[in-house]
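Data from structure.csv: CSV, C-alpha atoms
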chain,number,residue,atom,x,y,z
A,1,MET,CA,-72.1,79.9,18.6
A,2,ALA,CA,-70.8,79.1,22.1
A,3,GLY,CA,-69.6,75.8,20.8
A,4,ILE,CA,-67.5,77.6,18.1
A,5,PHE,CA,-65.8,79.8,20.8
A,6,ARG,CA,-65.0,76.8,23.0
A,7,ALA,CA,-63.4,75.0,20.0
A,8,ALA,CA,-61.3,78.1,19.1
A,9,ALA,CA,-60.1,78.4,22.7
A,10,MET,CA,-59.1,74.8,22.8
A,11,VAL,CA,-57.1,75.2,19.5
A,12,ALA,CA,-55.3,78.2,21.0
A,13,ARG,CA,-54.3,76.4,24.2
A,14,GLN,CA,-53.0,73.4,22.1
A,15,SER,CA,-51.0,75.8,19.9
A,16,LYS,CA,-49.4,77.5,22.9
A,17,ARG,CA,-48.4,74.2,24.4
A,18,ALA,CA,-46.8,73.1,21.1
A,19,ALA,CA,-44.9,76.3,20.9
A,20,MET,CA,-43.6,75.8,24.5
A,21,VAL,CA,-42.5,72.3,23.7
A,22,THR,CA,-40.7,73.4,20.5
A,23,ALA,CA,-38.9,76.1,22.4
A,24,GLY,CA,-37.8,73.6,25.1
A,25,LEU,CA,-36.5,71.2,22.5
A,26,ALA,CA,-34.5,73.9,20.8
A,27,LEU,CA,-32.9,75.0,24.1
A,28,ALA,CA,-32.0,71.4,24.9
A,29,ALA,CA,-30.3,71.0,21.6
A,30,VAL,CA,-28.2,74.2,22.0
A,31,SER,CA,-27.2,73.1,25.5
A,32,ALA,CA,-26.1,69.7,24.2
A,33,CYS,CA,-23.5,71.4,21.9
A,34,ASN,CA,-21.8,73.5,24.6
A,35,THR,CA,-20.9,72.7,28.2
A,36,GLY,CA,-20.7,76.4,29.1
A,37,SER,CA,-23.5,78.8,29.7
A,38,VAL,CA,-25.9,79.1,26.7
A,39,LEU,CA,-26.8,82.6,27.6
A,40,SER,CA,-23.2,83.9,28.0
A,41,LEU,CA,-21.9,82.0,24.9
A,42,GLN,CA,-18.6,81.1,26.7
A,43,PRO,CA,-16.5,78.4,25.1
A,44,ALA,CA,-16.3,75.0,26.8
A,45,VAL,CA,-12.5,74.8,26.2
A,46,ASP,CA,-10.2,77.0,28.1
A,47,VAL,CA,-8.3,79.4,25.9
A,48,GLY,CA,-4.8,78.1,25.2
A,49,ALA,CA,-5.6,74.5,26.2
A,50,GLN,CA,-5.3,71.6,23.8
A,51,THR,CA,-8.4,69.4,23.6
A,52,ALA,CA,-8.1,65.7,24.1
A,53,ALA,CA,-10.3,65.3,21.0
A,54,VAL,CA,-7.5,66.6,18.7
A,55,PRO,CA,-4.8,63.9,18.3
A,56,GLN,CA,-1.2,65.0,18.4
A,57,TYR,CA,0.9,64.0,15.4
A,58,GLU,CA,4.5,64.3,14.6
A,59,GLY,CA,5.0,67.3,12.2
A,60,MET,CA,2.3,69.4,13.9
A,61,GLN,CA,2.7,72.4,16.0
A,62,LYS,CA,0.4,74.4,18.3
A,63,LEU,CA,-1.5,77.2,16.6
A,64,VAL,CA,-1.1,80.7,18.0
A,65,PRO,CA,-3.8,82.5,16.1
A,66,SER,CA,-5.4,86.0,16.5
A,67,ASN,CA,-8.6,84.2,17.3
A,68,PRO,CA,-8.1,82.8,20.9
A,69,TYR,CA,-10.7,80.1,20.4
A,70,MET,CA,-8.6,78.4,17.7
A,71,THR,CA,-6.5,76.2,20.0
A,72,ALA,CA,-6.2,73.0,18.0
A,73,ALA,CA,-3.1,71.8,16.2
A,74,TYR,CA,-2.7,72.0,12.4
A,75,PRO,CA,-0.3,70.3,9.9
A,76,ARG,CA,2.8,72.5,9.5
A,77,MET,CA,3.4,73.5,5.9
A,78,ASP,CA,7.2,73.6,5.5
A,79,GLU,CA,8.6,76.3,3.3
A,80,PRO,CA,10.1,75.0,0.1
A,81,MET,CA,13.8,74.1,0.4
A,82,SER,CA,15.9,77.1,-0.6
A,83,GLU,CA,18.4,76.7,-3.3
A,84,PRO,CA,21.8,75.6,-2.1
A,85,GLU,CA,24.4,78.2,-1.6
A,86,GLN,CA,26.4,78.8,-4.8
A,87,MET,CA,29.8,77.0,-4.3
A,88,PRO,CA,32.8,79.2,-5.2
A,89,ALA,CA,34.5,78.4,-8.5
A,90,SER,CA,37.7,77.2,-6.6
A,91,GLU,CA,35.7,74.6,-4.7
A,92,THR,CA,33.9,73.4,-7.9
A,93,ASP,CA,37.3,73.1,-9.7
A,94,CYS,CA,38.8,71.3,-6.7
A,95,ARG,CA,36.0,68.7,-6.9
A,96,GLY,CA,36.8,68.2,-10.5
A,97,GLU,CA,40.3,67.4,-9.5
A,98,LEU,CA,39.0,64.9,-6.9
A,99,ARG,CA,37.1,63.1,-9.6
A,100,ARG,CA,40.1,63.1,-11.8
A,101,LEU,CA,42.2,61.5,-9.0
A,102,GLY,CA,39.5,58.8,-8.5
A,103,VAL,CA,38.5,60.1,-5.0
A,104,VAL,CA,35.3,58.6,-3.6
A,105,TYR,CA,33.8,61.4,-1.5
A,106,THR,CA,30.6,63.0,-0.4
A,107,ASP,CA,29.9,66.7,0.2
A,108,VAL,CA,28.8,67.2,3.8
A,109,GLN,CA,27.1,70.1,5.6
A,110,PRO,CA,29.3,73.1,6.6
A,111,ILE,CA,31.0,72.7,10.0
A,112,HIS,CA,31.2,75.7,12.3
A,113,GLU,CA,32.3,75.2,15.9
A,114,GLY,CA,33.6,78.4,17.4
A,115,GLN,CA,37.0,79.1,15.9
A,116,CYS,CA,37.0,75.7,14.1
A,117,GLY,CA,35.2,74.6,11.0
A,118,ILE,CA,35.1,73.9,7.3
A,119,ASP,CA,32.9,75.9,4.9
A,120,TYR,CA,32.7,73.3,2.2
A,121,PRO,CA,33.8,69.9,3.7
A,122,VAL,CA,34.1,66.6,1.9
A,123,LYS,CA,34.2,63.2,3.4
A,124,VAL,CA,36.7,60.9,1.7
A,125,SER,CA,36.0,57.1,1.9
A,126,ALA,CA,38.4,55.9,-0.9
A,127,ILE,CA,41.1,57.0,-3.3
A,128,GLY,CA,40.6,54.8,-6.4
A,129,GLY,CA,40.6,51.2,-5.0
A,130,ILE,CA,42.3,52.2,-1.7
A,131,GLN,CA,39.9,52.4,1.2
A,132,MET,CA,40.2,55.2,3.8
A,133,LYS,CA,39.3,53.9,7.3
A,134,PRO,CA,37.6,55.6,8.8
A,135,ALA,CA,36.3,58.1,6.2
A,136,ALA,CA,38.1,61.4,6.6
A,137,THR,CA,36.4,64.8,6.8
A,138,LEU,CA,38.7,67.4,5.1
A,139,THR,CA,38.7,70.5,3.0
A,140,CYS,CA,38.7,69.7,-0.7
A,141,ASP,CA,42.2,71.1,-1.0
A,142,MET,CA,43.6,68.8,1.6
A,143,ALA,CA,41.7,65.8,0.1
A,144,ALA,CA,43.2,66.6,-3.3
A,145,SER,CA,46.7,67.0,-1.9
A,146,PHE,CA,46.5,63.7,0.0
A,147,ALA,CA,45.0,61.9,-3.0
A,148,ALA,CA,47.8,63.1,-5.3
A,149,TRP,CA,50.5,62.0,-2.8
A,150,THR,CA,48.8,58.6,-2.4
A,151,ARG,CA,48.6,57.9,-6.2
A,152,ASN,CA,52.0,59.4,-7.1
A,153,GLU,CA,54.2,58.4,-4.1
A,154,LEU,CA,52.6,55.9,-1.7
A,155,VAL,CA,51.4,53.4,-4.3
A,156,PRO,CA,54.6,53.3,-6.4
A,157,SER,CA,56.7,53.0,-3.3
A,158,ALA,CA,54.6,50.1,-2.1
A,159,ARG,CA,54.9,48.3,-5.4
A,160,TRP,CA,58.7,48.9,-5.6
A,161,ARG,CA,59.4,47.8,-2.0
A,162,TYR,CA,56.7,45.1,-1.4
A,163,PHE,CA,55.6,44.2,-4.9
A,164,SER,CA,52.1,44.9,-3.8
A,165,GLY,CA,49.4,47.5,-4.1
A,166,VAL,CA,47.8,49.5,-1.2
A,167,LYS,CA,44.5,48.2,0.2
A,168,THR,CA,43.7,50.5,3.0
A,169,ILE,CA,45.0,53.7,4.7
A,170,HIS,CA,44.2,53.7,8.4
A,171,GLN,CA,43.9,57.3,9.6
A,172,GLY,CA,43.7,58.4,13.2
A,173,SER,CA,42.4,62.0,12.8
A,174,SER,CA,41.1,64.2,10.1
A,175,TYR,CA,38.9,67.2,11.1
A,176,SER,CA,39.0,67.7,14.9
A,177,CYS,CA,38.4,71.0,16.8
A,178,ARG,CA,41.5,71.3,18.9
A,179,ASN,CA,44.7,73.3,19.6
A,180,ILE,CA,48.2,72.2,18.9
A,181,ALA,CA,49.4,70.2,22.0
A,182,GLY,CA,51.0,72.5,24.5
A,183,GLU,CA,50.2,75.6,22.6
A,184,GLY,CA,47.3,78.0,22.3
A,185,VAL,CA,47.3,77.9,18.6
A,186,LEU,CA,44.5,76.2,16.6
A,187,SER,CA,45.6,73.0,15.0
A,188,GLU,CA,45.2,72.5,11.2
A,189,HIS,CA,42.9,69.6,12.2
A,190,GLY,CA,40.5,72.3,13.4
A,191,LYS,CA,40.4,73.7,9.9
A,192,GLY,CA,40.1,70.4,8.1
A,193,ASN,CA,43.6,70.8,6.6
A,194,ALA,CA,45.3,67.9,8.3
A,195,LEU,CA,45.3,64.1,8.3
A,196,ASP,CA,47.2,61.6,10.5
A,197,VAL,CA,48.2,58.3,9.0
A,198,MET,CA,48.6,55.4,11.5
A,199,SER,CA,49.2,52.4,9.3
A,200,ILE,CA,49.2,51.3,5.7
A,201,GLU,CA,47.6,47.9,4.8
A,202,LEU,CA,48.8,46.3,1.6
A,203,ASN,CA,47.0,43.9,-0.8
A,204,ASN,CA,49.5,41.1,0.1
A,205,GLY,CA,48.4,41.2,3.8
A,206,ASP,CA,51.2,43.3,5.2
A,207,ASP,CA,50.1,46.0,7.6
A,208,ILE,CA,52.9,48.6,7.9
A,209,ASP,CA,52.8,50.4,11.1
A,210,VAL,CA,54.1,54.0,10.9
A,211,ARG,CA,55.9,53.7,14.3
A,212,LYS,CA,59.6,53.8,14.0
A,213,PRO,CA,60.7,50.4,12.7
A,214,GLY,CA,63.3,48.1,14.3
A,215,LEU,CA,67.0,48.4,13.6
A,216,PHE,CA,67.0,45.6,11.0
A,217,ALA,CA,63.7,46.4,9.3
A,218,PHE,CA,65.5,47.8,6.3
A,219,ARG,CA,62.6,47.5,3.8
A,220,THR,CA,60.0,49.1,6.1
A,221,ARG,CA,62.4,51.9,7.1
A,222,GLY,CA,63.2,52.6,3.4
A,223,PHE,CA,59.5,52.6,2.5
A,224,LEU,CA,58.5,54.9,5.3
A,225,ASN,CA,61.5,57.2,4.7
A,226,ASN,CA,60.5,57.5,1.0
A,227,VAL,CA,56.8,58.3,1.5
A,228,ARG,CA,57.7,60.7,4.3
A,229,ALA,CA,60.3,62.6,2.3
A,230,ASP,CA,58.1,62.7,-0.8
A,231,GLY,CA,55.3,64.1,1.2
A,232,CYS,CA,57.1,67.5,1.4
A,233,GLN,CA,56.3,68.0,-2.3
A,234,TYR,CA,52.5,67.9,-1.5
A,235,PHE,CA,52.2,69.2,2.0
A,236,THR,CA,53.5,72.2,3.9
A,237,THR,CA,53.9,70.1,7.1
A,238,VAL,CA,55.1,66.5,7.4
A,239,LEU,CA,55.8,65.3,11.0
A,240,GLY,CA,56.3,61.7,12.2
A,241,PRO,CA,58.2,59.4,14.5
A,242,GLY,CA,61.4,60.9,15.7
A,243,TYR,CA,60.1,64.5,15.7
A,244,ASN,CA,58.6,64.4,19.2
A,245,TYR,CA,56.7,62.1,21.5
A,246,ASP,CA,53.3,63.2,20.3
A,247,HIS,CA,54.1,62.0,16.7
A,248,ARG,CA,55.7,58.7,17.7
A,249,ASN,CA,53.0,56.6,16.1
A,250,HIS,CA,51.8,58.4,13.1
A,251,PHE,CA,52.5,60.7,10.2
A,252,HIS,CA,51.0,64.1,10.4
A,253,PHE,CA,50.3,65.8,7.0
A,254,ASP,CA,48.8,69.3,6.6
A,255,ILE,CA,48.6,72.2,4.2
A,256,LYS,CA,49.1,75.1,6.6
A,257,ASN,CA,49.4,78.3,4.7
A,258,ARG,CA,52.5,80.1,5.9
A,259,LYS,CA,53.2,83.6,4.5
A,260,SER,CA,56.9,82.8,4.1
A,261,GLY,CA,56.2,79.7,2.1
A,262,TYR,CA,58.2,77.7,4.7
A,263,ARG,CA,57.6,73.9,4.8
A,264,ALA,CA,58.1,71.9,8.0
A,265,CYS,CA,59.3,68.4,7.1
A,266,ARG,CA,60.7,66.6,10.1
Could you rewrite the structure in this file as structure tokens?
Amino acid sequence: MAGIFRAAAMVARQSKRAAMVTAGLALAAVSACNTGSVLSLQPAVDVGAQTAAVPQYEGMQKLVPSNPYMTAAYPRMDEPMSEPEQMPASETDCRGELRRLGVVYTDVQPIHEGQCGIDYPVKVSAIGGIQMKPAATLTCDMAASFAAWTRNELVPSARWRYFSGVKTIHQGSSYSCRNIAGEGVLSEHGKGNALDVMSIELNNGDDIDVRKPGLFAFRTRGFLNNVRADGCQYFTTVLGPGYNYDHRNHFHFDIKNRKSGYRACR
């Protein structure tokens, strides 16, 4: 009987040692998963800090969750692109006119710069086979007026005077946020309603500078006088060399809306 009791006591001691070893291993395993205190259950990462284990990718933003322990980054899910703003019927009709006139253009984002801007701008790179250099940012109405003048007046005049078509229109300013020189009035350039023409390059290689031609440059003078005078049928303002010093080297065309209907052609 005594032998049985000794055997039972030995089994109990072995079971106790096994239980202690098991508990120690479990505690070590928990400690390996957290560098903070196991008993207090504090996180190993400071709240609000980004862990080095989470890579930073473009297109990701920091998460600011209700759970302060969630401090990693997550891929940002962009909202679906909203439908484009409905273009007014007048703008849609105008673009139909541009296509009829053979204007090569792109619609660009609205421009708003203080008092300047264009709600529905177009960028014109060509009128038929005639290049616009550089491309001109304008209102659609101004683009249509300029295209009609180019096709109906500029091209026929070039063919009549030089027996050549027009290759390129070199412009010096389209949309530009600025006031009229010497005045506190916003320029039509700041509304996208104006374009400055510096020179006209022909298919035969002639490059006609808008600056006032010499005394005996009869053909050039006649050509420039024609296109300048005919411009008054398409624009409300036509200014050029001879008007003042600021316009000595270009034609300024715009479609300024004057209540009186007055046109300034000088």
Non-local contacts of range 115-132 of chain A (8 Å; all atoms listed in the file; under 3 positions in same chain excluded) as an NGL selection string:
:A and (91 or 101-112 or 135-140 or 143 or 147 or 150 or 166-171 or 177-178 or 186 or 190-192)
Taking only C-alpha atoms into account, name the residue in A:Arg151, A:Arg211, A:Arg161, A:Lys259 that is nearest to Gly231 in chain A.
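Nearest to Gly231 in chain A: A:Arg151.
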Counting all atoms listed in the file, which residue out of A:Val185, A:Cys265, A:Val155, A:Ala194 sits closest to Gly172 in chain A?
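Nearest to Gly172 in chain A: A:Ala194.
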Give me the residues of range 73-187 of chain A that have any atom at most 10 Å from an atom of range 247-255 of chain A; for each, the nearest atom pair and the distance in Å, rounded to one decimal. Use only C-alpha atoms, sort by chain and number, and format it as a Markdown table.
| residue | atom | partner | partner_atom | distance |
| --- | --- | --- | --- | --- |
| A:Asp141 | CA | A:Ile255 | CA | 8.3 |
| A:Met142 | CA | A:Ile255 | CA | 6.6 |
| A:Ser145 | CA | A:Ile255 | CA | 8.2 |
| A:Phe146 | CA | A:Phe253 | CA | 8.2 |
| A:Gln171 | CA | A:His250 | CA | 8.7 |
| A:Gly172 | CA | A:His250 | CA | 8.1 |
| A:Ser173 | CA | A:His252 | CA | 9.2 |
| A:Ser174 | CA | A:Phe253 | CA | 9.8 |
| A:Ser187 | CA | A:Asp254 | CA | 9.7 |
Using all atoms listed in the file for the distances, tell me which of A:Val210, A:Cys94, A:Ala89, A:Val238 is nearest to Gly222 in chain A.
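The shortest atom-to-atom distance to Gly222 in chain A comes from A:Val210.
Here CA of Pro213 in chain A and CA of Pro241 in chain A stand 9.5 Å from one another.
Put simply, CA of Asp207 in chain A is 23.4 Å away from CA of Asn244 in chain A.
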Between CA of Leu224 in chain A and CA of Arg159 in chain A, what is the distance, to one decimal in Å?
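So the answer is 13.1 Å.
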So which one's closest to Asn193 in chain A, A:Lys256, A:Ala229, A:Gly214, A:Asp209? Using only C-alpha atoms, please.
A:Lys256
My list of candidates is A:Pro88, A:Gly182, A:Gly114, A:Gly205. Which is closest to Gly165 in chain A when distances are computed with only C-alpha atoms?
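With only C-alpha atoms as the atom set, the closest residue is A:Gly205.
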Point out the residue among A:Gly240, A:Arg228, A:Arg221, A:Leu98 with the least atom-to-atom distance to Ala148 in chain A, counting all atoms listed in the file.
A:Leu98
